[in-house]
Every structure is written in structure tokens, then in C-alpha cells.
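Notes to accompany the following structure.
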Amino acid sequence: MREHFGSFLADGDLGNRFRFCEIDPLFGRAAMLIFDFDGIGNMSDSFANACFGSLAEDHPDDILEKVRFRNCSGMIRQSLSAAISSGRLRGSKLVR
Amino acid sequence: MFENNLRSLLDVLALGDHADRIDLDFQSVRYYVPGGIVAVVAKIKRWQMNGKEWRFTNYEENENFGYFQRMDVCNILGLNLRENFSRHSGSEDFVPVVRVPPSDQDVGPIASKLSACVDPNRGDTFSLLQFVTSEAVLNARQHSGGEGFVSAQFAKSKETARIGVADCGIGILESFRSNESPFYKQGMTEEQALLLALKPEVSSTTHLKTPYGHSPNRGVGLSMMRELMALSLGAMTLVSGNSWWFQSAQRAPMFGTFKHGRRFDGTVLAVAFLRSQIEDYFEMLKQARLKLGLQVPDDVGKIFL
């Protein structure tokens, strides 16, 4: 992630584009996607929601099986958990 | 001018909306805060769009005008005034006014630069300001439809970090209306729209599809800023159209409308944080999310290696 965005994952617009252009095409094909947060010091809610919350909304069940996060600080972990949990909630409601 | 009386400045500036020629008199100006500076810039940009003549007066006698110039206000307005000081890089207590970047440009570096002026050691205050600044700048970019400006300042004597973002765009109500937001109701006032925008998970664009599928916006930025400001015992002002909202620390917010048809065409957001109250950014985020009901149960623990 640091190679793509630097140490601060800030921009929801860029996070949204990254999900659409980089993650979505791989999601159906890859057995597992691992995101490395080494060197990431901070992340905005906009980025977390646009990138990973939306991914969870589209794949509320698969995301738990196919996505892993590595080298997350406590703060990053909390932000990702909130974004992915609420995304899964939205996705599950849509499915129902 | 500070966050608590920023609306008074905007009230006075609105007098210029009905004049063909406007003089901005600097004789009595004693202190500049980022919210006031970017609001003046956005207002003048709007006057320029409307073909109005404007000028600065009595600035040469004002001993504080140099600070205004150091903030690059004159450059951004295309005004060439003589500078009675030497510019040097590396100042740690303010960041000159910069334009809100376009959507293909990462807001992260701007947010980091502004935050580093307040907390060069890059501790918890730096992280908090990165978060808030990036959300504020994104808001202006995603909703205003017009030019936006941002600035930051650190007042050492009171340990106060300030951020100001202003634009001369369409304002909050028009953003809800023109995007056909499901939150928009026929006859909604600008005050109602402003109060609505401060609620969690409310945004004028959440429902929109973009070339990248989902909207990038979940509408949590302003409400998180408000809670983080309250936790740091700071202050926050939001102004859009004919309406204003202000909250100091954890006191009940005040809000209202400008009188006599006065308004600010666009949106101004000014936030102040007390650095001494920012001890644990992680904990502040957690508390803010809890307060807003955004901290859902962590049922995804297995995804972390």
C-alpha cells in the first residue's frame, strides 16, 4: 500500500479508483489477496470506506475468505474493521 | 477573528455582494486565522467571477499585513503588492493558502504538509490533523463544484492548531438538491441542509454511481471532525449560504441564519484543536466512532495476519 499511496492513505477518490481498477479485477481470479500495510502510519475514514468498505459491500461473505491484511497498527486495524464490518452490513442488506 | 466570531466577518463581507466596487480596509486587523483568510479568498474569487471591482486599503500601515502576504493570499488572488519582508522557507507555524487539488491528485501530501506545520515531531497531533484536513479537503472537492482553498496555522501561545477550508462553490443545500440526494426534501432550507450534513452517514453523493462503481463518499467526515474537535475541547464553525453553525468544546452547538439577506456563496469550515488535549489519537478515533455509532462489532478479526 505504501508503494501506491505513501504513508498516509488519505484520498477516498483514489481509494475508490484503486478498488475498481486494481482490486476488483483480481478478486474473482485470486485465491487470496493480501494487502501489506507496512509503513502506513495513518488512514482516513474516507479511504477505508471507499476502498475496503465498498469491497466488503460487494462481497460481504467472500471478503472474509479471500482478503487478508498484514502489518496493521492498532489504529489501522480499527479503521479497517469498522469500514469492512459496516460494508458487509450494507452488502448483506442489499442481498436480502 | 476566531472560530466563534468568524460569522461576523462573513456577515460584513456579504455587504460587498451588493456593491459594484469593494474596499477591504485592513487598518484594524490584528490577527489572522486560516478560516478567515480562506473565507476572504473564496469571497474575492466569487466577486471576481461576478465582475466586481475590489481592492485592499490601509494595508501599508498595518503591521500585521506581512503575515497575510506570507500566507500567499496576494499571489493566489493575482495581486502584486510590494513585500516589506524577506521570505524564508521552513516556517513551522503556518502553511500558506493552497488550492484544493483536483480529483486525480492525492489530498494526502497537502494534509501531511499542513499537519507537519503544527506538529513537526509527527506525533498524535500530526495524525489527528492529517485525518481532519484530508476529510475537510475531500469534502470541498467532492461537493462544492467550485474552487476551494485551505490553510493551517499553529498559535504557539495558546497551543492551538487551526485549519480553514473555504470554497466559492454551490453550497450544501444545492449539493443535496442538484445531486438528487434522497436526503433532500422539497422546500428544505439552507439551515436544515447544513444541520443535516453534520449528521453521521449523511452525504449528498452517497447514492451516486461513479465511473468506479460506488460513490467514494459515506458521509462520515464532518461528523467525525465534530466529535474529534469536541474531544480536544476545540472549536468548529461551518457556514454555507445564509446559515452558520458553531460549536465550542463539548457545549451545545449554536446555529442560525444571517440577517438582511446576507450570505456566503460556498462553504467555509474552520476547526481549532487544543494540542494539549490531544494525547492519544487512536483512543480519540475510537471514542468518536463510538459516539457516532460507527464502531460496529469487530467480527472480522480473522482477516488480520
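Identifiers in the C-alpha cells: chain A, B, ... in order shown; residue index from 1 per chain; ligand index from 1 in order shown.
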Residue hits in chain A, query chain B, radius 6 Å, only C-alpha atoms, as a ChimeraX atom specification = /A:10-13,16-17,20,44,50,68-70,75,81-82
Requested write-out: C-alpha atoms of the selected residues, as a CSV table (one decimal), in the first residue's frame:
```
chain,number,residue,atom,x,y,z
A,10,ALA,CA,-6.0,9.8,2.7
A,11,ASP,CA,-7.9,10.2,-0.5
A,12,GLY,CA,-11.3,8.5,-0.8
A,13,ASP,CA,-11.5,9.2,-4.5
A,16,ASN,CA,-12.3,4.2,-4.8
A,17,ARG,CA,-10.4,4.1,-8.1
A,20,PHE,CA,-12.2,-0.6,-9.0
A,44,SER,CA,-8.7,8.4,6.7
A,50,ALA,CA,-14.2,3.9,-0.4
A,68,ARG,CA,-6.0,-10.6,4.4
A,69,PHE,CA,-4.2,-7.6,5.9
A,70,ARG,CA,-0.6,-7.7,7.1
A,75,MET,CA,-5.3,2.2,14.6
A,81,SER,CA,-12.6,-3.3,10.9
A,82,ALA,CA,-15.1,-0.5,11.1
```
Tell me, which residues of segment 61-298 of chain B carry DSSP helix (DSSP H, G or I), written as a ChimeraX atom specification?
-> /B:65-70,73-76,108-118,124-143,156-158,171-178,190-197,221-231,275-277,281-292
Would you mind writing down, as a ChimeraX atom specification, each residue of segment 37-224 of chain B that DSSP on the backbone assigns to strand (DSSP E or B)?
-> /B:53-57,94-99,148-155,160-167,210,213
Output N, CA and C atoms of each residue in that selection to a file, as a PDB file, in the first residue's frame.
```
ATOM      1  N   GLU B  53     -15.330  45.008  -8.902  1.00  0.00           N
ATOM      2  CA  GLU B  53     -14.022  45.613  -8.626  1.00  0.00           C
ATOM      3  C   GLU B  53     -13.786  45.580  -7.126  1.00  0.00           C
ATOM      4  N   TRP B  54     -12.577  45.241  -6.728  1.00  0.00           N
ATOM      5  CA  TRP B  54     -12.262  45.204  -5.300  1.00  0.00           C
ATOM      6  C   TRP B  54     -10.818  45.639  -5.114  1.00  0.00           C
ATOM      7  N   ARG B  55     -10.489  46.107  -3.919  1.00  0.00           N
ATOM      8  CA  ARG B  55      -9.099  46.467  -3.630  1.00  0.00           C
ATOM      9  C   ARG B  55      -8.862  46.415  -2.120  1.00  0.00           C
ATOM     10  N   PHE B  56      -7.606  46.284  -1.751  1.00  0.00           N
ATOM     11  CA  PHE B  56      -7.214  46.350  -0.343  1.00  0.00           C
ATOM     12  C   PHE B  56      -6.847  47.798  -0.029  1.00  0.00           C
ATOM     13  N   THR B  57      -7.251  48.286   1.133  1.00  0.00           N
ATOM     14  CA  THR B  57      -6.871  49.647   1.536  1.00  0.00           C
ATOM     15  C   THR B  57      -6.264  49.621   2.930  1.00  0.00           C
ATOM     16  N   PHE B  94       2.759  28.190  10.251  1.00  0.00           N
ATOM     17  CA  PHE B  94       1.649  28.349   9.313  1.00  0.00           C
ATOM     18  C   PHE B  94       2.000  27.714   7.975  1.00  0.00           C
ATOM     19  N   VAL B  95       0.964  27.432   7.220  1.00  0.00           N
ATOM     20  CA  VAL B  95       1.156  26.956   5.846  1.00  0.00           C
ATOM     21  C   VAL B  95       0.374  27.891   4.932  1.00  0.00           C
ATOM     22  N   PRO B  96       1.026  28.469   3.927  1.00  0.00           N
ATOM     23  CA  PRO B  96       0.323  29.380   3.019  1.00  0.00           C
ATOM     24  C   PRO B  96      -0.913  28.740   2.400  1.00  0.00           C
ATOM     25  N   VAL B  97      -1.811  29.589   1.958  1.00  0.00           N
ATOM     26  CA  VAL B  97      -3.051  29.119   1.335  1.00  0.00           C
ATOM     27  C   VAL B  97      -2.722  28.310   0.077  1.00  0.00           C
ATOM     28  N   VAL B  98      -3.336  27.159  -0.032  1.00  0.00           N
ATOM     29  CA  VAL B  98      -3.184  26.357  -1.254  1.00  0.00           C
ATOM     30  C   VAL B  98      -4.569  26.013  -1.794  1.00  0.00           C
ATOM     31  N   ARG B  99      -4.608  25.744  -3.079  1.00  0.00           N
ATOM     32  CA  ARG B  99      -5.876  25.360  -3.711  1.00  0.00           C
ATOM     33  C   ARG B  99      -6.208  23.903  -3.384  1.00  0.00           C
ATOM     34  N   GLY B 148     -11.648  25.760  -4.347  1.00  0.00           N
ATOM     35  CA  GLY B 148     -11.536  25.713  -2.888  1.00  0.00           C
ATOM     36  C   GLY B 148     -10.126  26.039  -2.428  1.00  0.00           C
ATOM     37  N   PHE B 149     -10.031  26.474  -1.176  1.00  0.00           N
ATOM     38  CA  PHE B 149      -8.741  26.911  -0.625  1.00  0.00           C
ATOM     39  C   PHE B 149      -8.600  26.378   0.793  1.00  0.00           C
ATOM     40  N   VAL B 150      -7.349  26.100   1.184  1.00  0.00           N
ATOM     41  CA  VAL B 150      -7.116  25.524   2.501  1.00  0.00           C
ATOM     42  C   VAL B 150      -5.850  26.130   3.100  1.00  0.00           C
ATOM     43  N   SER B 151      -5.855  26.263   4.422  1.00  0.00           N
ATOM     44  CA  SER B 151      -4.675  26.777   5.109  1.00  0.00           C
ATOM     45  C   SER B 151      -4.653  26.247   6.547  1.00  0.00           C
ATOM     46  N   ALA B 152      -3.478  26.323   7.177  1.00  0.00           N
ATOM     47  CA  ALA B 152      -3.338  25.862   8.567  1.00  0.00           C
ATOM     48  C   ALA B 152      -2.410  26.788   9.325  1.00  0.00           C
ATOM     49  N   GLN B 153      -2.540  26.760  10.641  1.00  0.00           N
ATOM     50  CA  GLN B 153      -1.748  27.658  11.488  1.00  0.00           C
ATOM     51  C   GLN B 153      -1.599  27.012  12.862  1.00  0.00           C
ATOM     52  N   PHE B 154      -0.477  27.282  13.507  1.00  0.00           N
ATOM     53  CA  PHE B 154      -0.322  26.856  14.891  1.00  0.00           C
ATOM     54  C   PHE B 154      -0.008  28.077  15.748  1.00  0.00           C
ATOM     55  N   ALA B 155      -0.890  28.391  16.681  1.00  0.00           N
ATOM     56  CA  ALA B 155      -0.678  29.527  17.587  1.00  0.00           C
ATOM     57  C   ALA B 155       0.028  29.005  18.834  1.00  0.00           C
ATOM     58  N   THR B 160      -2.767  26.188  20.009  1.00  0.00           N
ATOM     59  CA  THR B 160      -3.979  25.925  19.234  1.00  0.00           C
ATOM     60  C   THR B 160      -3.640  25.692  17.767  1.00  0.00           C
ATOM     61  N   ALA B 161      -4.087  24.567  17.256  1.00  0.00           N
ATOM     62  CA  ALA B 161      -3.910  24.239  15.840  1.00  0.00           C
ATOM     63  C   ALA B 161      -5.191  24.590  15.106  1.00  0.00           C
ATOM     64  N   ARG B 162      -5.045  25.305  14.003  1.00  0.00           N
ATOM     65  CA  ARG B 162      -6.236  25.737  13.264  1.00  0.00           C
ATOM     66  C   ARG B 162      -6.143  25.299  11.804  1.00  0.00           C
ATOM     67  N   ILE B 163      -7.302  24.908  11.264  1.00  0.00           N
ATOM     68  CA  ILE B 163      -7.407  24.566   9.844  1.00  0.00           C
ATOM     69  C   ILE B 163      -8.598  25.310   9.272  1.00  0.00           C
ATOM     70  N   GLY B 164      -8.443  25.857   8.100  1.00  0.00           N
ATOM     71  CA  GLY B 164      -9.560  26.513   7.423  1.00  0.00           C
ATOM     72  C   GLY B 164      -9.672  26.025   5.997  1.00  0.00           C
ATOM     73  N   VAL B 165     -10.895  25.713   5.578  1.00  0.00           N
ATOM     74  CA  VAL B 165     -11.158  25.326   4.188  1.00  0.00           C
ATOM     75  C   VAL B 165     -12.371  26.130   3.719  1.00  0.00           C
ATOM     76  N   ALA B 166     -12.260  26.772   2.579  1.00  0.00           N
ATOM     77  CA  ALA B 166     -13.396  27.536   2.050  1.00  0.00           C
ATOM     78  C   ALA B 166     -13.459  27.378   0.543  1.00  0.00           C
ATOM     79  N   ASP B 167     -14.667  27.426   0.019  1.00  0.00           N
ATOM     80  CA  ASP B 167     -14.822  27.364  -1.432  1.00  0.00           C
ATOM     81  C   ASP B 167     -15.881  28.355  -1.877  1.00  0.00           C
ATOM     82  N   THR B 210     -20.456   6.131  -9.755  1.00  0.00           N
ATOM     83  CA  THR B 210     -19.361   6.861 -10.393  1.00  0.00           C
ATOM     84  C   THR B 210     -18.727   5.952 -11.449  1.00  0.00           C
ATOM     85  N   GLY B 213     -17.811   2.688 -10.022  1.00  0.00           N
ATOM     86  CA  GLY B 213     -18.830   1.940  -9.276  1.00  0.00           C
ATOM     87  C   GLY B 213     -19.408   2.770  -8.152  1.00  0.00           C
TER      88      GLY B 213
END
```
Option closest in space to Ala272 of chain B, from B:Gly241, B:Gly16, B:Pro34, B:Gly145 [counting only C-alpha atoms] =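 Ranking B:Gly241, B:Gly16, B:Pro34, B:Gly145 by distance to Ala272 of chain B, first place goes to B:Pro34.
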Within 9 Å of segment 68-70 of chain B using only C-alpha atoms, minus same-chain residues under 2 positions, as a ChimeraX atom specification = /B:32,37,64-66,72-75,81,83,85,87,95-96
Got time to write the residues from that selection, C-alpha atoms, as a compact mmCIF listing (two decimals), in the first residue's frame?
```txt
# COMPACT_ATOMS: atom_id res chain seq x y z
CA TYR B 32 -5.43 36.27 11.03
CA ILE B 37 -8.15 34.00 5.41
CA ASN B 64 0.32 42.52 10.56
CA PHE B 65 -0.31 42.67 6.82
CA GLY B 66 3.02 40.96 6.18
CA ASP B 72 0.34 33.87 -0.24
CA VAL B 73 -3.11 35.42 -0.38
CA CYS B 74 -1.99 38.14 -2.78
CA ASN B 75 -0.38 35.63 -5.13
CA LEU B 81 1.84 44.15 -3.79
CA GLU B 83 6.54 42.97 0.29
CA PHE B 85 9.86 41.38 4.47
CA ARG B 87 10.65 35.26 2.54
CA VAL B 95 1.16 26.96 5.85
CA PRO B 96 0.32 29.38 3.02
```
Counting only C-alpha atoms, figure out which residue out of B:Leu196, B:Asn62, B:Leu9, B:Glu201 gets nearest to Gly35 of chain B.
-> B:Leu9
Mind checking which residues fall within 9 Å of Gly6 of chain A, counting only C-alpha atoms, ignoring those fewer than 2 positions away in the same chain, and posting them as a list in words?
->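 Listing them by chain and then by number gives Met1, Arg2, Glu3, His4, Phe8, Leu9, Gly39 and Ile40 of chain A; Gly108 and Pro109 of chain B.
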Contacts of segment 24-27 of chain A at 10 Å or less, counting only C-alpha atoms, minus same-chain residues fewer than 2 places along, as a PyMOL selection string?
-> chain A and resi 18-22+29-33+55+58-59+62-63+66-67
Please provide as a list in words all residues within 8 Å of Ala288 of chain B, with the sequence filter that same-chain residues fewer than 2 positions apart are discarded (counting only C-alpha atoms).
-> Met224, Glu227, Leu228, Leu231, Met284, Leu285, Lys286, Leu290, Lys291 and Leu292 of chain B
Pick the closest to Asn49 of chain A from B:Thr206, B:Pro120, B:Phe258, B:Lys45: which is it, counting only C-alpha atoms?
-> B:Thr206
Non-local contacts of segment 88-91 of chain A (7 Å; only C-alpha atoms; under 2 positions in same chain excluded) as a list in words | Ala56, Glu57, Asp58, Pro60, Ile84, Ser85, Ser86, Lys93, Leu94 and Val95 of chain A
